[in-house]
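Structure data follow from query_26.csv (CSV, C-alpha atoms and all ligand atoms):
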chain,number,residue,atom,x,y,z
A,1,MET,CA,35.1,101.9,29.6
A,2,LYS,CA,36.9,102.7,26.4
A,3,LYS,CA,40.4,104.1,26.6
A,4,ARG,CA,40.6,107.7,25.6
A,5,ASP,CA,43.6,109.7,24.3
A,6,SER,CA,44.8,113.2,25.4
A,7,PHE,CA,42.3,114.7,22.9
A,8,ASN,CA,39.6,112.7,24.6
A,9,GLN,CA,39.1,110.5,21.6
A,10,SER,CA,38.5,106.8,22.1
A,11,ILE,CA,41.4,104.6,21.2
A,12,ARG,CA,40.1,101.8,19.0
A,13,VAL,CA,43.5,100.6,17.7
A,14,PRO,CA,46.5,101.4,19.9
A,15,ALA,CA,49.9,101.8,18.4
A,16,TYR,CA,51.3,99.2,20.7
A,17,VAL,CA,50.2,96.7,23.4
A,18,PRO,CA,52.9,94.9,25.4
A,19,TRP,CA,52.4,91.1,25.6
A,20,ILE,CA,52.9,89.9,29.1
A,21,SER,CA,51.8,86.3,29.5
A,22,LYS,CA,50.9,84.3,32.6
A,23,GLU,CA,54.4,82.6,32.4
A,24,ASP,CA,56.0,86.1,32.4
A,25,LYS,CA,54.1,87.1,35.5
A,26,ASP,CA,54.9,83.8,37.3
A,27,ALA,CA,58.6,84.2,36.4
A,28,VAL,CA,58.7,87.7,37.9
A,29,LEU,CA,56.9,86.7,41.1
A,30,LYS,CA,59.2,83.7,41.5
A,31,SER,CA,62.3,85.9,41.1
A,32,LEU,CA,61.0,88.0,44.1
A,33,ASN,CA,61.6,85.1,46.4
A,34,GLN,CA,65.3,85.1,45.7
A,35,THR,CA,67.8,86.3,48.3
A,36,MET,CA,69.8,88.1,45.7
A,37,LEU,CA,67.7,90.6,43.9
A,38,THR,CA,70.5,91.9,41.7
A,39,LEU,CA,73.7,90.5,40.2
A,40,GLY,CA,72.4,87.0,40.9
A,41,PRO,CA,71.8,83.7,39.1
A,42,THR,CA,68.8,84.9,37.0
A,43,LEU,CA,70.9,87.6,35.3
A,44,GLU,CA,73.6,85.1,34.5
A,45,LYS,CA,71.0,82.7,33.1
A,46,PHE,CA,69.5,85.5,31.0
A,47,GLU,CA,72.9,86.4,29.6
A,48,LEU,CA,73.8,82.8,28.7
A,49,MET,CA,70.4,82.3,27.0
A,50,PHE,CA,70.7,85.6,25.1
A,51,ALA,CA,74.3,84.7,23.9
A,52,LYS,CA,73.0,81.3,22.8
A,53,TYR,CA,70.0,82.8,20.9
A,54,THR,CA,72.1,85.4,19.2
A,55,GLN,CA,75.0,82.9,18.6
A,56,SER,CA,77.4,85.3,20.3
A,57,LYS,CA,80.3,84.5,22.6
A,58,HIS,CA,79.4,86.9,25.3
A,59,ALA,CA,76.2,88.7,26.3
A,60,VAL,CA,76.3,91.4,29.1
A,61,ALA,CA,72.9,92.7,30.4
A,62,VAL,CA,72.6,96.4,31.3
A,63,SER,CA,69.9,98.7,32.4
A,64,ASN,CA,68.9,99.9,28.8
A,65,CYS,CA,70.2,100.1,25.3
A,66,THR,CA,71.4,103.7,25.8
A,67,ALA,CA,73.7,102.3,28.6
A,68,ALA,CA,74.7,99.5,26.3
A,69,LEU,CA,75.8,102.0,23.6
A,70,HIS,CA,77.5,104.2,26.1
A,71,LEU,CA,79.5,101.3,27.7
A,72,SER,CA,80.4,99.9,24.2
A,73,LEU,CA,81.9,103.2,23.3
A,74,LYS,CA,83.7,103.5,26.7
A,75,ALA,CA,85.0,99.9,26.4
A,76,LEU,CA,86.6,100.9,23.0
A,77,GLY,CA,88.3,103.8,24.6
A,78,ILE,CA,86.2,106.5,22.9
A,79,GLN,CA,86.8,109.9,24.5
A,80,GLU,CA,86.8,113.6,24.0
A,81,GLY,CA,88.2,114.6,20.6
A,82,ASP,CA,86.9,111.5,18.9
A,83,GLU,CA,84.2,111.6,16.3
A,84,ILE,CA,81.5,108.9,15.9
A,85,ILE,CA,79.3,108.6,12.8
A,86,ILE,CA,75.6,107.9,13.4
A,87,PRO,CA,72.5,108.2,11.1
A,88,ASP,CA,70.7,111.5,11.4
A,89,LEU,CA,67.4,109.6,11.2
A,90,SER,CA,67.9,107.8,14.4
A,91,PHE,CA,66.7,107.8,18.0
A,92,ILE,CA,68.3,110.4,20.1
A,93,ALA,CA,69.8,107.7,22.4
A,94,ASP,CA,72.7,107.1,19.9
A,95,ALA,CA,73.7,110.8,19.9
A,96,ASN,CA,73.3,111.1,23.7
A,97,ALA,CA,75.5,108.0,24.2
A,98,VAL,CA,78.2,109.5,22.1
A,99,ILE,CA,78.0,112.8,24.0
A,100,ALA,CA,78.2,111.0,27.3
A,101,THR,CA,81.7,109.8,26.4
A,102,GLY,CA,82.8,113.3,25.5
A,103,ALA,CA,83.1,112.5,21.8
A,104,THR,CA,81.3,114.3,19.0
A,105,PRO,CA,78.4,112.7,17.1
A,106,VAL,CA,78.7,113.2,13.3
A,107,LEU,CA,75.4,112.9,11.5
A,108,ALA,CA,75.2,111.0,8.2
A,109,ASP,CA,72.3,110.8,5.8
A,110,ILE,CA,70.4,107.6,5.1
A,111,GLU,CA,70.2,105.7,1.7
A,112,ASN,CA,67.5,106.7,-0.8
A,113,ASP,CA,66.3,103.1,-1.1
A,114,GLY,CA,65.5,102.3,2.5
A,115,PHE,CA,66.4,103.2,6.0
A,116,SER,CA,70.1,102.2,6.3
A,117,ILE,CA,72.8,104.8,7.0
A,118,SER,CA,74.2,105.9,3.6
A,119,ILE,CA,77.5,104.5,2.6
A,120,LYS,CA,78.3,107.6,0.5
A,121,SER,CA,77.5,109.9,3.4
A,122,ILE,CA,79.6,107.9,5.8
A,123,LYS,CA,82.6,108.2,3.4
A,124,GLN,CA,82.0,112.0,3.2
A,125,LYS,CA,82.0,112.3,7.0
A,126,ILE,CA,85.2,110.4,7.8
A,127,THR,CA,88.0,112.6,9.2
A,128,ARG,CA,91.2,111.9,11.0
A,129,LYS,CA,89.2,112.0,14.3
A,130,THR,CA,86.6,109.4,13.3
A,131,LYS,CA,86.8,106.3,15.5
A,132,ALA,CA,83.6,104.4,15.0
A,133,ILE,CA,80.3,104.1,13.1
A,134,ILE,CA,77.0,103.2,14.8
A,135,PRO,CA,74.6,101.8,12.1
A,136,ILE,CA,71.0,101.0,13.1
A,137,HIS,CA,69.1,97.9,11.9
A,138,MET,CA,66.1,100.2,11.4
A,139,TYR,CA,62.6,98.9,12.3
A,140,GLY,CA,64.1,95.4,12.5
A,141,GLU,CA,65.6,95.3,9.0
A,142,VAL,CA,69.3,94.5,8.5
A,143,CYS,CA,71.2,97.6,7.4
A,144,LYS,CA,73.9,97.7,4.6
A,145,ILE,CA,76.2,96.0,7.1
A,146,MET,CA,78.6,94.4,4.6
A,147,GLU,CA,79.3,97.7,2.9
A,148,ILE,CA,79.6,99.5,6.3
A,149,LEU,CA,82.1,96.9,7.4
A,150,ASP,CA,84.1,97.4,4.2
A,151,VAL,CA,84.3,101.2,4.8
A,152,ALA,CA,85.1,100.7,8.4
A,153,LYS,CA,87.9,98.2,7.6
A,154,SER,CA,89.6,100.4,5.0
A,155,ASN,CA,89.5,103.4,7.4
A,156,ASN,CA,90.4,101.5,10.6
A,157,LEU,CA,87.1,102.2,12.4
A,158,TYR,CA,85.1,100.3,14.9
A,159,VAL,CA,81.5,99.3,14.2
A,160,ILE,CA,78.9,99.2,17.0
A,161,GLU,CA,75.6,97.8,15.7
A,162,ASP,CA,72.5,99.4,17.2
A,163,CYS,CA,70.2,96.3,17.3
A,164,ALA,CA,67.5,98.0,19.5
A,165,HIS,CA,64.9,97.0,16.9
A,166,ALA,CA,66.5,93.8,15.8
A,167,ILE,CA,66.2,90.8,18.1
A,168,GLY,CA,65.6,87.9,15.8
A,169,THR,CA,67.1,89.6,12.7
A,170,PHE,CA,69.6,87.3,11.0
A,171,TYR,CA,71.8,88.0,8.0
A,172,LYS,CA,73.9,85.5,6.1
A,173,GLY,CA,73.1,83.0,8.8
A,174,LYS,CA,74.4,85.3,11.6
A,175,HIS,CA,72.4,87.2,14.1
A,176,VAL,CA,72.9,90.9,13.8
A,177,GLY,CA,75.2,92.4,16.5
A,178,ASN,CA,77.8,89.8,15.6
A,179,PHE,CA,79.1,91.7,12.5
A,180,GLY,CA,80.8,94.7,14.3
A,181,SER,CA,82.8,94.8,17.5
A,182,MET,CA,79.6,94.9,19.6
A,183,GLY,CA,75.8,94.8,19.2
A,184,CYS,CA,73.4,96.7,21.5
A,185,PHE,CA,69.8,95.6,22.2
A,186,SER,CA,66.9,97.3,23.9
A,187,PHE,CA,64.1,95.7,25.9
A,188,TYR,CA,62.0,98.8,26.2
A,189,PRO,CA,58.2,98.0,26.4
A,190,THR,CA,57.5,98.5,22.7
A,191,LYS,CA,60.4,96.3,21.5
A,192,ASN,CA,60.0,92.8,20.2
A,193,MET,CA,60.8,91.5,23.7
A,194,THR,CA,60.7,93.5,26.9
A,195,THR,CA,62.0,93.7,30.4
A,196,ALA,CA,60.2,97.0,30.9
A,197,GLU,CA,63.6,98.7,30.8
A,198,GLY,CA,66.6,96.8,29.9
A,199,GLY,CA,69.4,96.3,27.4
A,200,MET,CA,72.2,93.9,26.3
A,201,VAL,CA,75.6,94.0,24.7
A,202,ILE,CA,76.9,91.1,22.6
A,203,THR,CA,80.5,90.7,21.6
A,204,SER,CA,82.9,88.0,20.6
A,205,SER,CA,85.7,89.7,22.5
A,206,SER,CA,86.3,88.4,26.1
A,207,LYS,CA,88.3,91.6,26.8
A,208,LEU,CA,85.5,93.9,25.8
A,209,ALA,CA,82.8,91.8,27.6
A,210,GLU,CA,84.9,91.9,30.8
A,211,LYS,CA,85.4,95.7,30.5
A,212,ILE,CA,81.6,96.2,30.1
A,213,ARG,CA,80.8,94.0,33.0
A,214,GLN,CA,83.1,96.1,35.2
A,215,LEU,CA,81.8,99.5,33.9
A,216,ARG,CA,78.2,98.5,34.4
A,217,SER,CA,78.8,98.0,38.1
A,218,HIS,CA,80.8,101.0,39.3
A,219,GLY,CA,84.0,99.9,37.6
A,220,MET,CA,84.6,97.2,40.3
A,221,THR,CA,87.1,94.7,39.1
A,222,LYS,CA,85.5,91.7,40.9
A,223,SER,CA,81.9,90.5,40.4
A,224,LEU,CA,79.6,90.2,43.4
A,225,ALA,CA,79.9,86.4,43.3
A,226,LYS,CA,83.7,86.5,43.2
A,227,ARG,CA,83.8,89.0,46.1
A,228,TYR,CA,81.6,86.9,48.3
A,229,SER,CA,83.5,83.7,47.6
A,230,SER,CA,86.8,85.4,48.5
A,231,LYS,CA,88.2,85.9,51.9
A,232,TYR,CA,87.6,89.7,52.1
A,233,PRO,CA,84.6,90.7,49.9
A,234,TRP,CA,85.5,94.4,50.1
A,235,LEU,CA,88.8,93.8,48.4
A,236,PHE,CA,88.4,94.9,44.8
A,237,ASP,CA,90.0,97.5,42.6
A,238,VAL,CA,88.5,100.2,40.4
A,239,LYS,CA,90.8,100.8,37.4
A,240,GLU,CA,88.3,103.1,35.6
A,241,PRO,CA,85.3,104.8,37.2
A,242,GLY,CA,82.1,103.1,36.2
A,243,TYR,CA,78.3,103.4,36.4
A,244,ASN,CA,75.4,101.7,37.9
A,245,TYR,CA,73.9,100.3,34.7
A,246,ARG,CA,72.8,96.9,36.1
A,247,LEU,CA,69.8,94.9,35.1
A,248,ASP,CA,68.2,93.4,38.2
A,249,GLU,CA,67.0,89.8,38.8
A,250,ILE,CA,63.3,90.7,38.4
A,251,ARG,CA,63.8,92.2,34.9
A,252,SER,CA,66.2,89.3,34.0
A,253,ALA,CA,63.4,86.8,34.9
A,254,LEU,CA,61.0,88.6,32.6
A,255,GLY,CA,63.7,88.7,29.9
A,256,ILE,CA,64.2,84.9,30.1
A,257,SER,CA,60.5,84.3,29.9
A,258,GLN,CA,60.1,86.6,26.9
A,259,LEU,CA,63.1,85.3,25.1
A,260,ARG,CA,61.7,81.8,25.3
A,261,ARG,CA,58.9,82.8,23.0
A,262,ILE,CA,60.7,85.4,20.8
A,263,ASP,CA,60.4,83.3,17.7
A,264,LYS,CA,56.7,83.0,18.2
A,265,ILE,CA,56.4,86.8,18.9
A,266,ASN,CA,58.4,87.6,15.7
A,267,ALA,CA,56.3,85.1,13.6
A,268,LEU,CA,53.1,86.8,14.8
A,269,ARG,CA,54.6,90.2,13.9
A,270,LYS,CA,55.5,89.0,10.5
A,271,LYS,CA,52.0,87.6,9.9
A,272,ALA,CA,50.5,91.0,10.8
A,273,ALA,CA,53.0,92.8,8.7
A,274,THR,CA,52.2,90.5,5.7
A,275,TYR,CA,48.5,91.3,6.1
A,276,TYR,CA,49.2,95.0,5.9
A,277,THR,CA,51.5,94.6,2.9
A,278,THR,CA,49.0,92.4,0.9
A,279,SER,CA,46.2,94.8,1.7
A,280,LEU,CA,48.0,98.1,1.1
A,281,ALA,CA,50.5,97.2,-1.7
A,282,LYS,CA,48.3,98.4,-4.5
A,283,VAL,CA,47.1,101.6,-2.8
A,284,LYS,CA,48.3,104.6,-4.9
A,285,GLY,CA,50.8,106.7,-3.2
A,286,ILE,CA,51.5,104.3,-0.3
A,287,ILE,CA,54.9,102.5,-0.3
A,288,THR,CA,54.8,99.4,2.0
A,289,PRO,CA,57.7,97.5,3.4
A,290,THR,CA,58.6,94.4,1.4
A,291,ILE,CA,58.0,91.1,3.2
A,292,VAL,CA,61.2,89.1,3.1
A,293,GLU,CA,61.2,85.3,3.3
A,294,ASP,CA,64.5,85.0,5.1
A,295,ARG,CA,65.0,86.4,8.7
A,296,SER,CA,66.7,89.6,7.7
A,297,HIS,CA,63.7,91.6,9.2
A,298,SER,CA,62.1,91.1,12.5
A,299,TYR,CA,59.2,93.5,11.9
A,300,HIS,CA,59.7,95.6,15.0
A,301,LEU,CA,57.9,98.5,13.2
A,302,TYR,CA,55.7,98.6,10.2
A,303,THR,CA,56.6,101.9,8.5
A,304,ILE,CA,54.8,102.9,5.4
A,305,ARG,CA,55.7,105.9,3.2
A,306,VAL,CA,52.9,108.3,2.3
A,307,THR,CA,54.0,109.9,-1.0
A,308,LYS,CA,52.7,112.8,-3.0
A,309,ASN,CA,50.5,110.4,-5.1
A,310,PHE,CA,48.4,109.6,-2.0
A,311,GLY,CA,45.1,111.5,-1.5
A,312,MET,CA,46.5,113.6,1.4
A,313,SER,CA,49.8,114.4,3.2
A,314,ARG,CA,51.3,112.1,5.9
A,315,ASN,CA,50.3,114.5,8.6
A,316,GLU,CA,46.7,114.7,7.3
A,317,LEU,CA,46.6,110.9,7.2
A,318,TYR,CA,48.0,110.7,10.8
A,319,ASN,CA,45.3,113.2,12.0
A,320,LEU,CA,42.5,111.3,10.2
A,321,LEU,CA,43.6,108.0,11.6
A,322,ARG,CA,43.7,109.6,15.0
A,323,LYS,CA,40.2,111.0,14.7
A,324,ASN,CA,39.1,107.4,13.9
A,325,GLY,CA,40.7,106.2,17.1
A,326,ILE,CA,43.7,104.7,15.4
A,327,ARG,CA,47.1,105.6,16.9
A,328,THR,CA,50.1,105.8,14.7
A,329,THR,CA,53.4,107.5,15.1
A,330,LEU,CA,56.8,107.9,13.3
A,331,TYR,CA,60.4,107.1,14.1
A,332,TRP,CA,61.9,109.8,14.2
A,333,THR,CA,62.4,113.5,13.9
A,334,PRO,CA,66.0,113.9,12.4
A,335,ILE,CA,68.5,114.4,15.2
A,336,HIS,CA,69.7,117.7,13.7
A,337,GLU,CA,66.3,119.3,14.4
A,338,TYR,CA,66.7,119.1,18.2
A,339,THR,CA,68.0,122.2,19.8
A,340,ALA,CA,70.9,120.5,21.5
A,341,TYR,CA,72.0,119.0,18.2
A,342,LYS,CA,71.4,121.8,15.7
A,343,LYS,CA,75.1,122.9,16.1
A,344,PHE,CA,76.3,119.5,14.7
A,345,VAL,CA,74.9,120.2,11.3
A,346,LYS,CA,76.0,123.0,9.0
A,347,ASN,CA,73.3,122.7,6.4
A,348,SER,CA,70.2,120.5,6.7
A,349,LYS,CA,70.0,120.4,2.9
A,350,ASN,CA,72.9,118.0,3.1
A,351,TYR,CA,70.5,115.3,4.4
A,352,PRO,CA,68.0,115.0,1.4
A,353,ASN,CA,67.1,111.4,2.0
A,354,THR,CA,66.6,111.9,5.7
A,355,GLU,CA,64.4,115.0,5.1
A,356,LYS,CA,62.3,113.3,2.5
A,357,THR,CA,61.9,110.1,4.5
A,358,TYR,CA,60.9,112.2,7.6
A,359,GLU,CA,58.1,113.8,5.6
A,360,GLU,CA,56.7,110.5,4.4
A,361,ILE,CA,57.0,107.9,7.1
A,362,LEU,CA,54.2,106.6,9.3
A,363,ALA,CA,54.4,103.5,11.6
A,364,LEU,CA,51.1,101.6,11.7
A,365,PRO,CA,49.9,99.8,14.8
A,366,LEU,CA,51.9,96.6,15.1
A,367,TYR,CA,52.1,94.2,18.1
A,368,PRO,CA,52.0,90.4,18.3
A,369,THR,CA,48.5,90.2,19.6
A,370,ILE,CA,46.9,92.6,17.1
A,371,SER,CA,43.7,91.2,15.7
A,372,ARG,CA,42.8,91.1,12.0
A,373,SER,CA,39.7,93.2,12.7
A,374,LYS,CA,41.9,95.9,14.3
A,375,GLN,CA,44.2,95.8,11.3
A,376,LYS,CA,41.3,96.0,9.0
A,377,GLN,CA,40.1,99.2,10.6
A,378,VAL,CA,43.5,100.7,9.8
A,379,ILE,CA,43.6,99.4,6.3
A,380,ASP,CA,40.0,100.5,5.5
A,381,CYS,CA,40.7,104.0,6.8
A,382,ILE,CA,43.7,104.4,4.5
A,383,ILE,CA,42.1,102.9,1.5
A,384,ARG,CA,39.0,105.1,1.9
A,385,ASN,CA,41.2,108.2,1.6
A,386,ALA,CA,43.4,107.1,-1.3
A,387,ARG,CA,43.1,108.7,-4.8
A,388,ASP,CA,41.3,106.5,-7.3
B,1,LIG,C1,67.3,102.6,17.5
B,1,LIG,C2,67.3,102.8,19.0
B,1,LIG,N1,68.5,102.8,19.6
B,1,LIG,C3,68.5,103.0,21.0
B,1,LIG,C4,67.4,103.1,21.7
B,1,LIG,C5,67.5,103.3,23.2
B,1,LIG,O1,66.9,102.2,23.9
B,1,LIG,P1,66.6,102.3,25.4
B,1,LIG,O2,65.3,102.9,25.6
B,1,LIG,O3,66.6,100.8,25.9
B,1,LIG,O4,67.7,103.0,26.1
B,1,LIG,C6,66.1,103.0,21.1
B,1,LIG,C7,64.9,103.1,21.9
B,1,LIG,O5,63.8,103.2,21.4
B,1,LIG,C8,66.1,102.9,19.7
B,1,LIG,O6,64.9,102.8,19.0

Could you take the file, read its structure, and then write that structure out as C-alpha cells?
Amino acid sequence: MKKRDSFNQSIRVPAYVPWISKEDKDAVLKSLNQTMLTLGPTLEKFELMFAKYTQSKHAVAVSNCTAALHLSLKALGIQEGDEIIIPDLSFIADANAVIATGATPVLADIENDGFSISIKSIKQKITRKTKAIIPIHMYGEVCKIMEILDVAKSNNLYVIEDCAHAIGTFYKGKHVGNFGSMGCFSFYPTKNMTTAEGGMVITSSSKLAEKIRQLRSHGMTKSLAKRYSSKYPWLFDVKEPGYNYRLDEIRSALGISQLRRIDKINALRKKAATYYTTSLAKVKGIITPTIVEDRSHSYHLYTIRVTKNFGMSRNELYNLLRKNGIRTTLYWTPIHEYTAYKKFVKNSKNYPNTEKTYEEILALPLYPTISRSKQKQVIDCIIRNARD
C-alpha cells in the first residue's frame, strides 16, 4: 500500500528517507550483547573515529546537537548576563541552548548572497555583554568563517560552530568545527549520518573536552572506567552540577557504522544535488545552489529559492508539489517569529535578508538513495509550472 500523508495524499517522493544498511543493523544488534550498554568501549571507539575523520584533537559524544551546543556554552563559562549572537534564520535549538545557560540570544541577519550569518549584522549586535558567536554551516555549506573569526578575534569573542548540517564539509583543508573553540554536530535521522538521536562536540582544547565529558555525565569528575578501576568506585567529586547528556553504546555502534560510509553517503548526495542543479539551473525564477568542486559543501539540504520571476509563489509551488505527492519543506521560520522569542527583536524590518530568504526558500527531497526517476518527478513538476 502506498504511504499517505496527513491530507490523505499518497507520498510519491518523500522529503527524506534514512539509509540504514544491513551493516548498521548488525552493528546495533552486536552492541546489545555487551555488558556495558552505556559509557563503554563503543562510545570511546566512535569518539576516536570521529576525531580522526574530522581531524580534531578531541571528540566528545553527547545525546544530541542541542546538548552539544548547551555544554559548549557551559564549558566556556557562559552564564546569565552574557549575550550570544546567533543567526535569526536558524533552528530553534541554537536559541534554546543559549537560554538554557541563562544567557540572552541576540539575533543577527544573514548575508544577502547566501545563507551565512551576516558579518555586518554581527558587528552591529556586539555589546560589552557579548561573549560568543554561533555561526551555522547552513545546509552543509561552509559559512563566512574566516570573516567571523576576524570579528571574533578583534572583539575577544568565542566562536562555537554549529556543524549540525556539515559532517564532511571541509574548508581550506580543515574540517569545519575546527575553526572556532568548538564544533557541534547532530546525528538526528535526517542528517548526513544518523544515530537516531545523537550529537558530538569537537575541540582542540583538552581542558574544554574534559569539562564537556564531565558535564555530560552529571558533572562527575571521574569516568565510569576510572571509577571501576579504582579502589572505591563511588569516590568522585562534582565541581559543577551536570546533566545526563550521554550517548549510549547502541547509538554509538550505529554511529561507527554510518561514519564508515560517510564519504559514500556525501558523494551520493552531491550526485543527486548536481542532477537537480543541471536540470533546474535555467528555469526562470528559480535560483539553485551552486555545485562546488571542493568539499566546502556536504549537501545536507538542497534549498532552492523561488523568486518573483517564477510562475507562482513559493507557497503555491509547495502546495502544488504536495498535491503531486512530492514532499518538500523549508528550514526555517525566523526565530524572532516564535512567541517565546518575539521579545528578543525590536523591529523585524532589521532582518531584511532573513525575511526575504524565508519567503523564497524550499528544500527539495534529498537523500542518498533517492532515484533519478523520483528526482525527475520533482524537476518535471517545477518546470511544468515555470513561466516561459
Ligand atoms: C542547524 C541546527 N542546529 C542544531 C540542531 C539540533 O540538533 P539535534 O536535533 O541533534 O539536537 C539542528 C537540528 O536539526 C540544526 O538543524

Problem - Minimum-distance residue to ligand LIG 1 (chain B), chosen among A:Glu240, A:Asp24, A:Glu141, A:Asp113 (using only C-alpha atoms and all ligand atoms) - result: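 Closest residue, counting only C-alpha atoms and all ligand atoms: A:Glu141.
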
Report as a Markdown table the residues of stretch 203-257 of chain A within 8 Å of stretch 58-77 of chain A, each with its shortest atom pair and distance in Å (one decimal), using all atoms listed in the file, ordered by chain and increasing residue number.
| residue | atom | partner | partner_atom | distance |
| --- | --- | --- | --- | --- |
| A:Thr203 | CA | A:His58 | CA | 5.4 |
| A:Ser204 | CA | A:His58 | CA | 6.0 |
| A:Ser205 | CA | A:His58 | CA | 7.4 |
| A:Ser206 | CA | A:His58 | CA | 7.1 |
| A:Leu208 | CA | A:Ala75 | CA | 6.1 |
| A:Ala209 | CA | A:His58 | CA | 6.4 |
| A:Lys211 | CA | A:Ala75 | CA | 5.9 |
| A:Ile212 | CA | A:Leu71 | CA | 6.0 |
| A:Arg213 | CA | A:Val60 | CA | 6.5 |
| A:Leu215 | CA | A:Leu71 | CA | 6.9 |
| A:Arg216 | CA | A:Val62 | CA | 6.7 |
| A:Tyr245 | CA | A:Ser63 | CA | 4.9 |
| A:Arg246 | CA | A:Val62 | CA | 4.8 |
| A:Leu247 | CA | A:Ser63 | CA | 4.7 |

Completion exercise
Students should find that atom CA of A:Tyr228 and atom CA of A:Glu197 are spaced 27.7 Å

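Distance annotation: of A:Ser257, A:Thr357, A:Thr42, A:Ser371, the residue with the minimal separation from A:Thr303 is A:Thr357; atom set is only C-alpha atoms.
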
Exercise for the section: Identify which of the residues A:Tyr275, A:Phe344, A:Tyr367, A:Phe185 lies closest to A:Ile291, counting only C-alpha atoms when measuring atom-to-atom distances. Expected result: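 Nearest to A:Ile291: A:Tyr275.
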
What residues have any atom no more than 6 Å from ligand LIG 1 (chain B) when counting all atoms listed in the file, and can you list them as an mmCIF file with C-alpha atoms, in the coordinates of the input?
data_model
loop_
_atom_site.group_PDB
_atom_site.id
_atom_site.type_symbol
_atom_site.label_atom_id
_atom_site.label_comp_id
_atom_site.auth_asym_id
_atom_site.auth_seq_id
_atom_site.Cartn_x
_atom_site.Cartn_y
_atom_site.Cartn_z
ATOM 1 C CA ASN A 64 68.900 99.900 28.800
ATOM 2 C CA CYS A 65 70.200 100.100 25.300
ATOM 3 C CA THR A 66 71.400 103.700 25.800
ATOM 4 C CA PHE A 91 66.700 107.800 18.000
ATOM 5 C CA ALA A 93 69.800 107.700 22.400
ATOM 6 C CA ASP A 94 72.700 107.100 19.900
ATOM 7 C CA ILE A 136 71.000 101.000 13.100
ATOM 8 C CA ASP A 162 72.500 99.400 17.200
ATOM 9 C CA ALA A 164 67.500 98.000 19.500
ATOM 10 C CA SER A 186 66.900 97.300 23.900
ATOM 11 C CA PHE A 187 64.100 95.700 25.900
ATOM 12 C CA TYR A 188 62.000 98.800 26.200
ATOM 13 C CA GLY A 198 66.600 96.800 29.900
ATOM 14 C CA GLY A 199 69.400 96.300 27.400
#

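Taking atom CA of A:Lys30 as the reference point, atom CA of A:Thr195 is found at 15.2 Å.
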
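Straight-line separation from atom CA of A:Thr38 to atom CA of A:Lys239: 22.6 Å.
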
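Distances here use all atoms listed in the file; by that measure, the residue among A:Ala152, A:Val142, A:Leu259, A:Ile160 closest to A:Val292 is A:Val142.
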
For stretch 14-61 of chain A against stretch 262-265 of chain A, with a cut-off of 12 Å and counting all atoms listed in the file, what is the closest atom pair and its distance in Å to one decimal for every residue that makes the cut, ordered by chain and number, as a Markdown table?
| residue | atom | partner | partner_atom | distance |
| --- | --- | --- | --- | --- |
| A:Pro18 | CA | A:Ile265 | CA | 11.0 |
| A:Trp19 | CA | A:Ile265 | CA | 8.9 |
| A:Ile20 | CA | A:Ile265 | CA | 11.2 |
| A:Ser21 | CA | A:Ile265 | CA | 11.6 |
| A:Met49 | CA | A:Ile262 | CA | 11.9 |
| A:Phe50 | CA | A:Ile262 | CA | 10.9 |
| A:Tyr53 | CA | A:Ile262 | CA | 9.7 |
| A:Thr54 | CA | A:Ile262 | CA | 11.5 |

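Using all atoms listed in the file for every distance, the candidate list A:Leu317, A:Ile256, A:Ile287, A:Ala272 yields A:Ile256 as the residue closest to A:Lys45.
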
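In this comparison, which uses all atoms listed in the file, the residue of A:Ser10, A:Gln258, A:Ser373, A:Thr290 approaching A:Ala273 most closely is A:Thr290.
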
Problem - Test item: residues at most 8 Å from stretch 102-109 of chain A, only C-alpha atoms, excluding those fewer than 2 positions along its chain, as a ChimeraX atom specification - result: /A:78-89,95,98-100,111,117-118,121-122,125,335-336,344-345,350-354
